[in-house]
$ cat target.txt   # compact mmCIF, C-alpha atoms
# COMPACT_ATOMS: atom_id res chain seq x y z
CA MET X 825 7.93 -7.88 -38.68
CA PHE X 826 4.70 -6.44 -37.32
CA ILE X 827 6.59 -3.92 -35.17
CA ALA X 828 8.39 -2.56 -38.21
CA ILE X 829 5.11 -2.13 -40.10
CA VAL X 830 3.42 -0.32 -37.22
CA ALA X 831 6.40 2.03 -36.82
CA ALA X 832 6.30 2.95 -40.48
CA LEU X 833 2.55 3.47 -40.51
CA ALA X 834 2.65 5.75 -37.50
CA ALA X 835 4.40 8.38 -39.62
CA CYS X 836 1.54 8.25 -42.16
CA SER X 837 -1.24 8.68 -39.59
CA ALA X 838 -2.49 11.75 -37.78
CA ASN X 839 -4.72 11.51 -34.69
CA THR X 840 -4.48 7.75 -34.74
CA SER X 841 -5.89 5.75 -31.84
CA LYS X 842 -3.22 4.50 -29.43
CA LYS X 843 -4.80 1.06 -29.41
CA GLU X 844 -2.59 -0.93 -31.74
CA GLU X 845 -3.24 -4.50 -32.70
CA SER X 846 -0.83 -7.19 -31.60
CA LYS X 847 -0.56 -10.43 -33.50
CA VAL X 848 -3.39 -9.50 -35.85
CA ILE X 849 -1.31 -9.65 -39.01
CA ILE X 850 -1.04 -13.34 -39.66
CA GLU X 851 1.00 -15.29 -42.13
CA ASN X 852 -1.24 -17.74 -43.94
CA ALA X 853 0.66 -20.98 -44.42
CA ALA X 854 -1.08 -21.45 -47.78
CA LEU X 855 0.37 -18.16 -49.05
CA SER X 856 3.87 -17.40 -50.17
CA GLN X 857 6.31 -16.47 -47.42
CA ALA X 858 6.58 -13.10 -49.18
CA MET X 859 2.98 -12.16 -48.35
CA ILE X 860 1.02 -11.12 -45.25
CA ASP X 861 -2.64 -12.07 -44.78
CA LEU X 862 -4.71 -9.04 -43.70
CA SER X 863 -7.95 -10.92 -43.07
CA SER X 864 -7.82 -10.41 -39.26
CA VAL X 865 -6.57 -6.80 -39.33
CA LYS X 866 -8.73 -3.97 -37.94
CA SER X 867 -6.34 -1.02 -38.15
CA ILE X 868 -7.35 1.27 -41.02
CA SER X 869 -3.78 2.33 -41.74
CA THR X 870 -2.67 -1.29 -42.09
CA LEU X 871 -5.65 -2.36 -44.20
CA LEU X 872 -5.07 0.58 -46.49
CA CYS X 873 -1.59 -0.61 -47.47
CA GLN X 874 -2.33 -2.91 -50.38
CA ASN X 875 -3.42 -2.77 -54.04
CA TRP X 876 -6.95 -1.40 -54.51
CA GLU X 877 -8.88 -1.58 -57.80
CA ASN X 878 -12.10 0.22 -58.61
CA LYS X 879 -14.74 -2.51 -58.59
CA ASP X 880 -16.70 -1.21 -61.60
CA ASP X 881 -13.57 -0.71 -63.72
CA ALA X 882 -12.18 -4.15 -62.84
CA GLU X 883 -15.47 -5.84 -63.73
CA GLN X 884 -15.76 -3.91 -66.99
CA GLN X 885 -12.25 -4.90 -67.99
CA ALA X 886 -12.84 -8.54 -67.07
CA ASN X 887 -15.92 -8.58 -69.32
CA SER X 888 -14.23 -6.84 -72.26
CA ASP X 889 -12.62 -8.54 -75.25
CA GLY X 890 -9.34 -6.69 -74.73
CA SER X 891 -9.58 -4.72 -77.97
CA GLY X 892 -8.81 -1.01 -78.28
CA ASP X 893 -5.83 1.03 -77.12
CA MET X 894 -6.44 0.98 -73.38
CA ASP X 895 -9.24 3.54 -73.61
CA MET X 896 -11.29 2.21 -70.71
CA PRO X 897 -10.57 3.75 -67.30
CA TYR X 898 -9.00 1.57 -64.63
CA ARG X 899 -8.95 3.52 -61.40
CA SER X 900 -6.75 2.09 -58.68
CA PHE X 901 -4.47 2.89 -55.77
CA SER X 902 -1.47 1.15 -54.24
CA PHE X 903 -0.78 2.44 -50.73
CA PHE X 904 2.48 1.61 -48.94
CA SER X 905 3.58 1.73 -45.31
CA ASP X 906 6.30 4.32 -46.03
CA CYS X 907 3.52 6.85 -46.76
CA THR X 908 3.92 6.60 -50.54
CA VAL X 909 1.03 5.96 -52.91
CA VAL X 910 0.76 5.12 -56.60
CA LYS X 911 -2.46 6.09 -58.36
CA ASN X 912 -3.70 4.41 -61.53
CA PRO X 913 -0.74 2.10 -62.31
CA ARG X 914 -2.83 0.72 -65.19
CA GLY X 915 -3.45 4.17 -66.62
CA GLU X 916 -1.95 7.63 -66.23
CA ILE X 917 0.28 6.73 -63.33
CA LEU X 918 0.79 9.26 -60.52
CA PHE X 919 3.12 9.11 -57.52
CA GLY X 920 2.52 10.81 -54.21
CA LYS X 921 2.42 10.73 -50.41
CA TRP X 922 -0.57 9.95 -48.22
CA LEU X 923 -1.61 11.02 -44.73
CA LEU X 924 -4.40 9.32 -42.80
CA ASN X 925 -6.50 10.86 -40.05
CA GLU X 926 -7.73 7.62 -38.54
CA ASN X 927 -10.18 9.28 -36.15
CA ALA X 928 -11.84 11.31 -38.93
CA LYS X 929 -11.31 8.46 -41.42
CA THR X 930 -9.91 10.79 -44.06
CA ILE X 931 -6.97 10.43 -46.44
CA LYS X 932 -5.04 13.37 -47.85
CA ILE X 933 -2.88 12.67 -50.89
CA LYS X 934 -0.28 15.05 -52.31
CA TYR X 935 1.07 14.05 -55.71
CA GLU X 936 4.50 14.82 -57.09
CA ASN X 937 2.92 17.06 -59.74
CA GLY X 938 1.65 19.33 -56.95
CA LYS X 939 -2.01 18.27 -57.09
CA THR X 940 -3.81 17.11 -53.96
CA GLU X 941 -6.85 14.93 -53.28
CA ASP X 942 -8.90 14.33 -50.14
CA TYR X 943 -10.99 11.22 -49.54
CA LYS X 944 -13.36 10.09 -46.83
CA ILE X 945 -13.26 6.40 -45.91
CA ASN X 946 -16.88 5.33 -45.60
CA ALA X 947 -16.03 1.67 -45.02
CA ILE X 948 -12.95 -0.54 -45.17
CA GLY X 949 -12.17 -4.20 -44.72
CA ALA X 950 -9.45 -6.55 -45.88
CA LYS X 951 -10.98 -6.91 -49.35
CA ASP X 952 -13.29 -3.92 -49.89
CA MET X 953 -13.23 -0.19 -49.34
CA THR X 954 -15.71 2.61 -50.06
CA LEU X 955 -14.42 6.16 -50.55
CA THR X 956 -15.94 9.51 -51.35
CA LYS X 957 -13.79 12.24 -52.85
CA SER X 958 -13.99 15.71 -51.33
CA GLY X 959 -16.39 17.79 -53.42
CA GLU X 960 -18.00 14.68 -54.93
CA GLU X 961 -19.69 13.26 -51.85
CA SER X 962 -22.68 11.90 -53.78
CA ASN X 963 -20.41 9.59 -55.80
CA LYS X 964 -19.30 6.58 -53.75
CA LEU X 965 -16.23 4.82 -55.08
CA VAL X 966 -16.02 1.11 -54.29
CA PHE X 967 -12.59 -0.53 -54.41
CA VAL X 968 -11.68 -4.20 -54.05
CA ALA X 969 -8.45 -5.95 -53.01
CA ASP X 970 -7.25 -9.47 -52.26
CA GLY X 971 -6.44 -8.77 -48.60
CA MET X 972 -2.73 -9.43 -49.00
CA GLN X 973 0.32 -7.25 -48.45
CA GLU X 974 3.96 -7.81 -49.35
CA LYS X 975 6.37 -8.19 -46.45
CA ASN X 976 8.71 -5.93 -48.43
CA SER X 977 7.03 -3.05 -50.25
CA THR X 978 9.72 -3.03 -52.92
CA ASP X 979 8.53 -6.50 -54.02
CA ASN X 980 5.26 -4.90 -55.15
CA PRO X 981 5.59 -4.20 -58.90
CA PHE X 982 3.62 -0.97 -58.45
CA TYR X 983 6.01 0.48 -55.86
CA ARG X 984 7.35 3.80 -57.06
CA SER X 985 10.98 2.77 -57.63
CA ASN X 986 9.82 -0.14 -59.81
CA ASN X 987 8.03 2.26 -62.18
CA GLN X 988 10.69 4.90 -62.77
CA TRP X 989 11.07 3.59 -66.34
CA ARG X 990 7.48 4.70 -67.06
CA ILE X 991 8.31 8.39 -66.53
CA LYS X 992 8.82 9.92 -69.96
CA PRO X 993 12.31 11.47 -70.26
CA THR X 994 12.50 15.19 -70.98
CA THR X 995 15.47 14.86 -73.33
CA ALA X 996 16.67 12.28 -75.85
CA GLU X 997 18.48 9.36 -74.24
CA THR X 998 21.71 7.60 -75.12
CA ASP X 999 21.63 4.00 -76.32
CA GLU X 1000 22.85 2.94 -72.87
CA ALA X 1001 20.03 4.84 -71.16
CA ILE X 1002 17.49 3.21 -73.48
CA LYS X 1003 18.89 -0.20 -72.51
CA ASP X 1004 18.63 0.74 -68.83
CA ARG X 1005 14.98 1.69 -69.38
CA LEU X 1006 14.35 -1.67 -71.03
CA LYS X 1007 16.07 -3.54 -68.19
CA ALA X 1008 13.91 -1.67 -65.68
CA SER X 1009 10.78 -2.62 -67.60
CA MET X 1010 11.81 -6.28 -67.63
CA HIS X 1011 12.48 -6.06 -63.90
CA PHE X 1012 8.96 -4.69 -63.44
CA TYR X 1013 7.44 -7.64 -65.32
CA TRP X 1014 9.59 -10.10 -63.40
CA LEU X 1015 8.18 -8.59 -60.20
CA PHE X 1016 4.67 -8.61 -61.70
CA LEU X 1017 4.79 -12.32 -62.56
CA ASN X 1018 6.29 -13.21 -59.18
CA ASP X 1019 3.71 -11.08 -57.39
CA ASN X 1020 0.92 -13.04 -59.05
CA ILE X 1021 2.67 -16.30 -58.16
CA ASN X 1022 2.94 -15.22 -54.51
CA ARG X 1023 -0.74 -14.26 -54.45
CA ASN X 1024 -1.80 -17.61 -55.93
CA SER X 1025 -3.68 -15.62 -58.57
CA ASN X 1026 -6.27 -17.57 -60.53
CA THR X 1027 -6.19 -15.05 -63.37
CA ILE X 1028 -3.64 -12.48 -64.46
CA SER X 1029 -4.35 -9.26 -66.32
CA PHE X 1030 -1.82 -7.10 -68.16
CA TYR X 1031 -4.51 -4.57 -68.95
CA GLY X 1032 -3.25 -0.99 -69.18
CA LEU X 1033 0.38 -1.84 -68.44
CA PRO X 1034 2.87 -0.48 -71.01
CA SER X 1035 4.58 -3.37 -72.74
CA CYS X 1036 6.02 -4.62 -76.02
CA PHE X 1037 5.60 -8.26 -75.00
CA ASN X 1038 3.25 -10.98 -76.16
CA TRP X 1039 2.68 -13.52 -73.41
CA TYR X 1040 2.15 -17.21 -74.16
CA SER X 1041 1.98 -20.41 -72.18
CA GLY X 1042 5.53 -21.62 -72.69
CA GLY X 1043 6.90 -18.56 -74.42
CA ILE X 1044 7.43 -14.80 -74.56
CA GLY X 1045 7.24 -12.80 -77.78
CA VAL X 1046 7.63 -9.21 -78.95
CA VAL X 1047 4.77 -7.46 -80.73
CA ASN X 1048 5.23 -6.17 -84.28
CA GLU X 1049 6.36 -2.54 -84.33
CA THR X 1050 3.17 -1.59 -86.21
CA LYS X 1051 1.13 -2.81 -83.23
CA LEU X 1052 3.04 -1.09 -80.44
CA ARG X 1053 0.65 0.61 -78.06
CA SER X 1054 0.95 4.32 -77.40
CA ASN X 1055 1.37 3.84 -73.65
CA TRP X 1056 4.61 1.90 -74.25
CA ILE X 1057 5.89 4.34 -76.89
CA ASN X 1058 5.25 7.20 -74.47
CA THR X 1059 7.67 5.77 -71.90
CA PHE X 1060 10.44 6.91 -74.29
CA TYR X 1061 11.47 10.40 -75.40
CA ASN X 1062 9.87 9.97 -78.84
CA LYS X 1063 8.70 7.29 -81.25
CA GLU X 1064 12.13 7.05 -82.86
CA GLN X 1065 13.70 6.07 -79.54
CA ALA X 1066 10.83 3.70 -78.80
CA LEU X 1067 11.46 1.92 -82.12
CA LYS X 1068 15.17 1.72 -81.28
CA ALA X 1069 14.20 0.04 -78.00
CA HIS X 1070 11.83 -2.27 -79.88
CA ALA X 1071 14.67 -3.32 -82.22
CA ILE X 1072 16.83 -4.14 -79.19
CA MET X 1073 14.01 -6.29 -77.79
CA GLU X 1074 13.52 -8.11 -81.08
CA HIS X 1075 17.22 -8.99 -81.09
CA LEU X 1076 17.08 -9.98 -77.43
CA ILE X 1077 14.09 -12.29 -77.83
CA MET X 1078 15.95 -14.33 -80.48
CA LYS X 1079 18.66 -15.41 -78.04
CA LYS X 1080 18.61 -18.85 -76.43
CA TYR X 1081 17.39 -19.04 -72.84
CA VAL X 1082 17.05 -21.87 -70.33
CA TRP X 1083 13.39 -22.87 -70.01
CA ASP X 1084 12.18 -25.25 -67.34
CA SER X 1085 10.28 -27.71 -69.52
CA THR X 1086 9.01 -29.59 -66.45
CA GLN X 1087 7.28 -26.51 -65.02
CA ARG X 1088 3.53 -26.50 -65.76
CA ASN X 1089 2.85 -23.05 -64.30
CA TRP X 1090 3.57 -20.60 -67.13
CA LEU X 1091 4.19 -17.75 -64.67
CA LYS X 1092 6.90 -19.74 -62.88
CA GLN X 1093 8.30 -20.76 -66.25
CA SER X 1094 8.37 -17.24 -67.72
CA ALA X 1095 9.64 -15.21 -64.73
CA PRO X 1096 13.20 -16.64 -64.81
CA ILE X 1097 13.42 -15.88 -68.55
CA LEU X 1098 12.92 -12.18 -67.84
CA LEU X 1099 15.90 -12.28 -65.46
CA GLN X 1100 17.99 -14.00 -68.14
CA MET X 1101 16.96 -11.35 -70.65
CA GLN X 1102 17.97 -8.59 -68.23
CA ASP X 1103 21.37 -10.20 -67.74
CA SER X 1104 21.91 -10.54 -71.49
CA LEU X 1105 21.55 -6.74 -71.86
CA LYS X 1106 24.51 -6.04 -69.57
$ encode --input "target.txt" --output "structure tokens"
Amino acid sequence: MFIAIVAALAACSANTSKKEESKVIIENAALSQAMIDLSSVKSISTLLCQNWENKDDAEQQANSDGSGDMDMPYRSFSFFSDCTVVKNPRGEILFGKWLLNENAKTIKIKYENGKTEDYKINAIGAKDMTLTKSGEESNKLVFVADGMQEKNSTDNPFYRSNNQWRIKPTTAETDEAIKDRLKASMHFYWLFLNDNINRNSNTISFYGLPSCFNWYSGGIGVVNETKLRSNWINTFYNKEQALKAHAIMEHLIMKKYVWDSTQRNWLKQSAPILLQMQDSLK
């Protein structure tokens, strides 16, 4: 598994040292088999490939009461070993490609919208990273992570292909296309719940993620159409199509599903329901 990761990362790195680690990516027995523990990793390119959240934004969100329409910033990056990157998955999401100069400790990112960004890595470890953006060297950006990486990048809910449904369509969609968009969103949340299970997360935050769901311990609900957030509405062509999708979800949520009443972990209890809901839309 390590050989495959190194091979993929080599394509994302320029002027990288030839000294590669061997047996430094370890699988922690306490973690899910789907995850890789990065605590012993030294390679910058390998450490980079995980979910990074701006420390100040994460702390501000954790201390907030959750009110408002997602108006607080939540800067973050998810870097992947295939050279793809997702910026701000809890905000105005952007997709791009990254290139690392490991000797100079710089990252160049080119986004799909044509914009580019350059960052200097001032420091990086398994759980913390300090960057400065080109042209804003006086402003140090501190990011935090949990030091874990998925064995398969596509299992990460923030991987690009898992967020296609969040790209606003340029034309009105058919009813079938709206259903496909809903199924993709449910697949995202199934991945999101499973990802938190695999990470043994103590807390889970849905902050900034577009959704029409209410989450409960032992249940999943759909928010009233008058309380739909703009970031979910904007994943559809217009509000009319978003309300059509909402009506489909309200009908879907009323169906009977098989709940594991013996399961005490609400994440493990809810994740299978999302798969059942996806199947019922076929």
$ closest_residue --input "target.txt" --among "X:Asp952, X:His1070, X:Pro1096, X:Glu961" --to "Val1082 (chain X)" --atoms "all atoms listed in the file"
X:Pro1096
$ closest_residue --input "target.txt" --among "X:Arg990, X:Asn887, X:Ser958, X:Glu974" --to "Phe919 (chain X)" --atoms "all atoms listed in the file"
X:Arg990
$ atom_distance --input "target.txt" --atom1 "CA of Met859 (chain X)" --atom2 "CA of Glu916 (chain X)"
27.1 Å
$ closest_residue --input "target.txt" --among "X:Ser1009, X:Gln1093, X:Asn1062, X:Asn927" --to "Asn986 (chain X)" --atoms "only C-alpha atoms"
X:Ser1009
$ residues_around --input "target.txt" --residues "region 1072-1076 of chain X" --least-positions-apart "3" --cutoff "12 Å" --atoms "only C-alpha atoms" --output "ChimeraX atom specification"
/X:999-1000,1002-1007,1009-1010,1035-1038,1044-1049,1065-1069,1079-1081,1097-1098,1100-1106
$ residues_around --input "target.txt" --residues "Gly1042 (chain X)" --least-positions-apart "2" --cutoff "12 Å" --atoms "all atoms listed in the file" --output "list in words"
Asn1038, Trp1039, Tyr1040, Ile1044, Gly1045, Val1082, Trp1083, Asp1084, Ser1085, Thr1086, Gln1087, Arg1088, Asn1089, Trp1090, Leu1091, Lys1092, Gln1093, Ser1094, Ala1095 and Ile1097 of chain X
$ write_last_selection --input "target.txt" --atoms "C-alpha atoms" --output "CSV table (one decimal), in the coordinates of the input"
chain,number,residue,atom,x,y,z
X,1038,ASN,CA,3.2,-11.0,-76.2
X,1039,TRP,CA,2.7,-13.5,-73.4
X,1040,TYR,CA,2.2,-17.2,-74.2
X,1044,ILE,CA,7.4,-14.8,-74.6
X,1045,GLY,CA,7.2,-12.8,-77.8
X,1082,VAL,CA,17.0,-21.9,-70.3
X,1083,TRP,CA,13.4,-22.9,-70.0
X,1084,ASP,CA,12.2,-25.2,-67.3
X,1085,SER,CA,10.3,-27.7,-69.5
X,1086,THR,CA,9.0,-29.6,-66.4
X,1087,GLN,CA,7.3,-26.5,-65.0
X,1088,ARG,CA,3.5,-26.5,-65.8
X,1089,ASN,CA,2.8,-23.0,-64.3
X,1090,TRP,CA,3.6,-20.6,-67.1
X,1091,LEU,CA,4.2,-17.8,-64.7
X,1092,LYS,CA,6.9,-19.7,-62.9
X,1093,GLN,CA,8.3,-20.8,-66.2
X,1094,SER,CA,8.4,-17.2,-67.7
X,1095,ALA,CA,9.6,-15.2,-64.7
X,1097,ILE,CA,13.4,-15.9,-68.6
$ residues_near_point --input "target.txt" --point "(-1.6, -6.6, -51.5)" --cutoff "10 Å" --atoms "only C-alpha atoms" --output "NGL selection string"
:X and (859-862 or 871-876 or 902-904 or 950-951 or 969-975 or 977 or 980 or 1019 or 1023)
$ atom_distance --input "target.txt" --atom1 "CA of Met953 (chain X)" --atom2 "CA of Val968 (chain X)"
6.4 Å
$ closest_residue --input "target.txt" --among "X:Pro1034, X:Pro897, X:Gly1043, X:Pro981" --to "Phe1016 (chain X)" --atoms "all atoms listed in the file"
X:Pro981
$ closest_residue --input "target.txt" --among "X:Thr995, X:Asn912, X:Glu883, X:Glu926" --to "Gly1032 (chain X)" --atoms "all atoms listed in the file"
X:Asn912
$ residues_around --input "target.txt" --residues "region 932-944 of chain X" --least-positions-apart "4" --cutoff "6 Å" --atoms "all atoms listed in the file" --output "list of chain:residue names"
X:Phe919, X:Gly920, X:Lys921, X:Trp922, X:Leu923, X:Leu955, X:Thr956, X:Lys957, X:Ser958
$ atom_distance --input "target.txt" --atom1 "CA of Leu924 (chain X)" --atom2 "CA of Ser869 (chain X)"
7.1 Å
$ closest_residue --input "target.txt" --among "X:Asp979, X:Lys964, X:Val865, X:Arg914" --to "Asn1022 (chain X)" --atoms "all atoms listed in the file"
X:Asp979
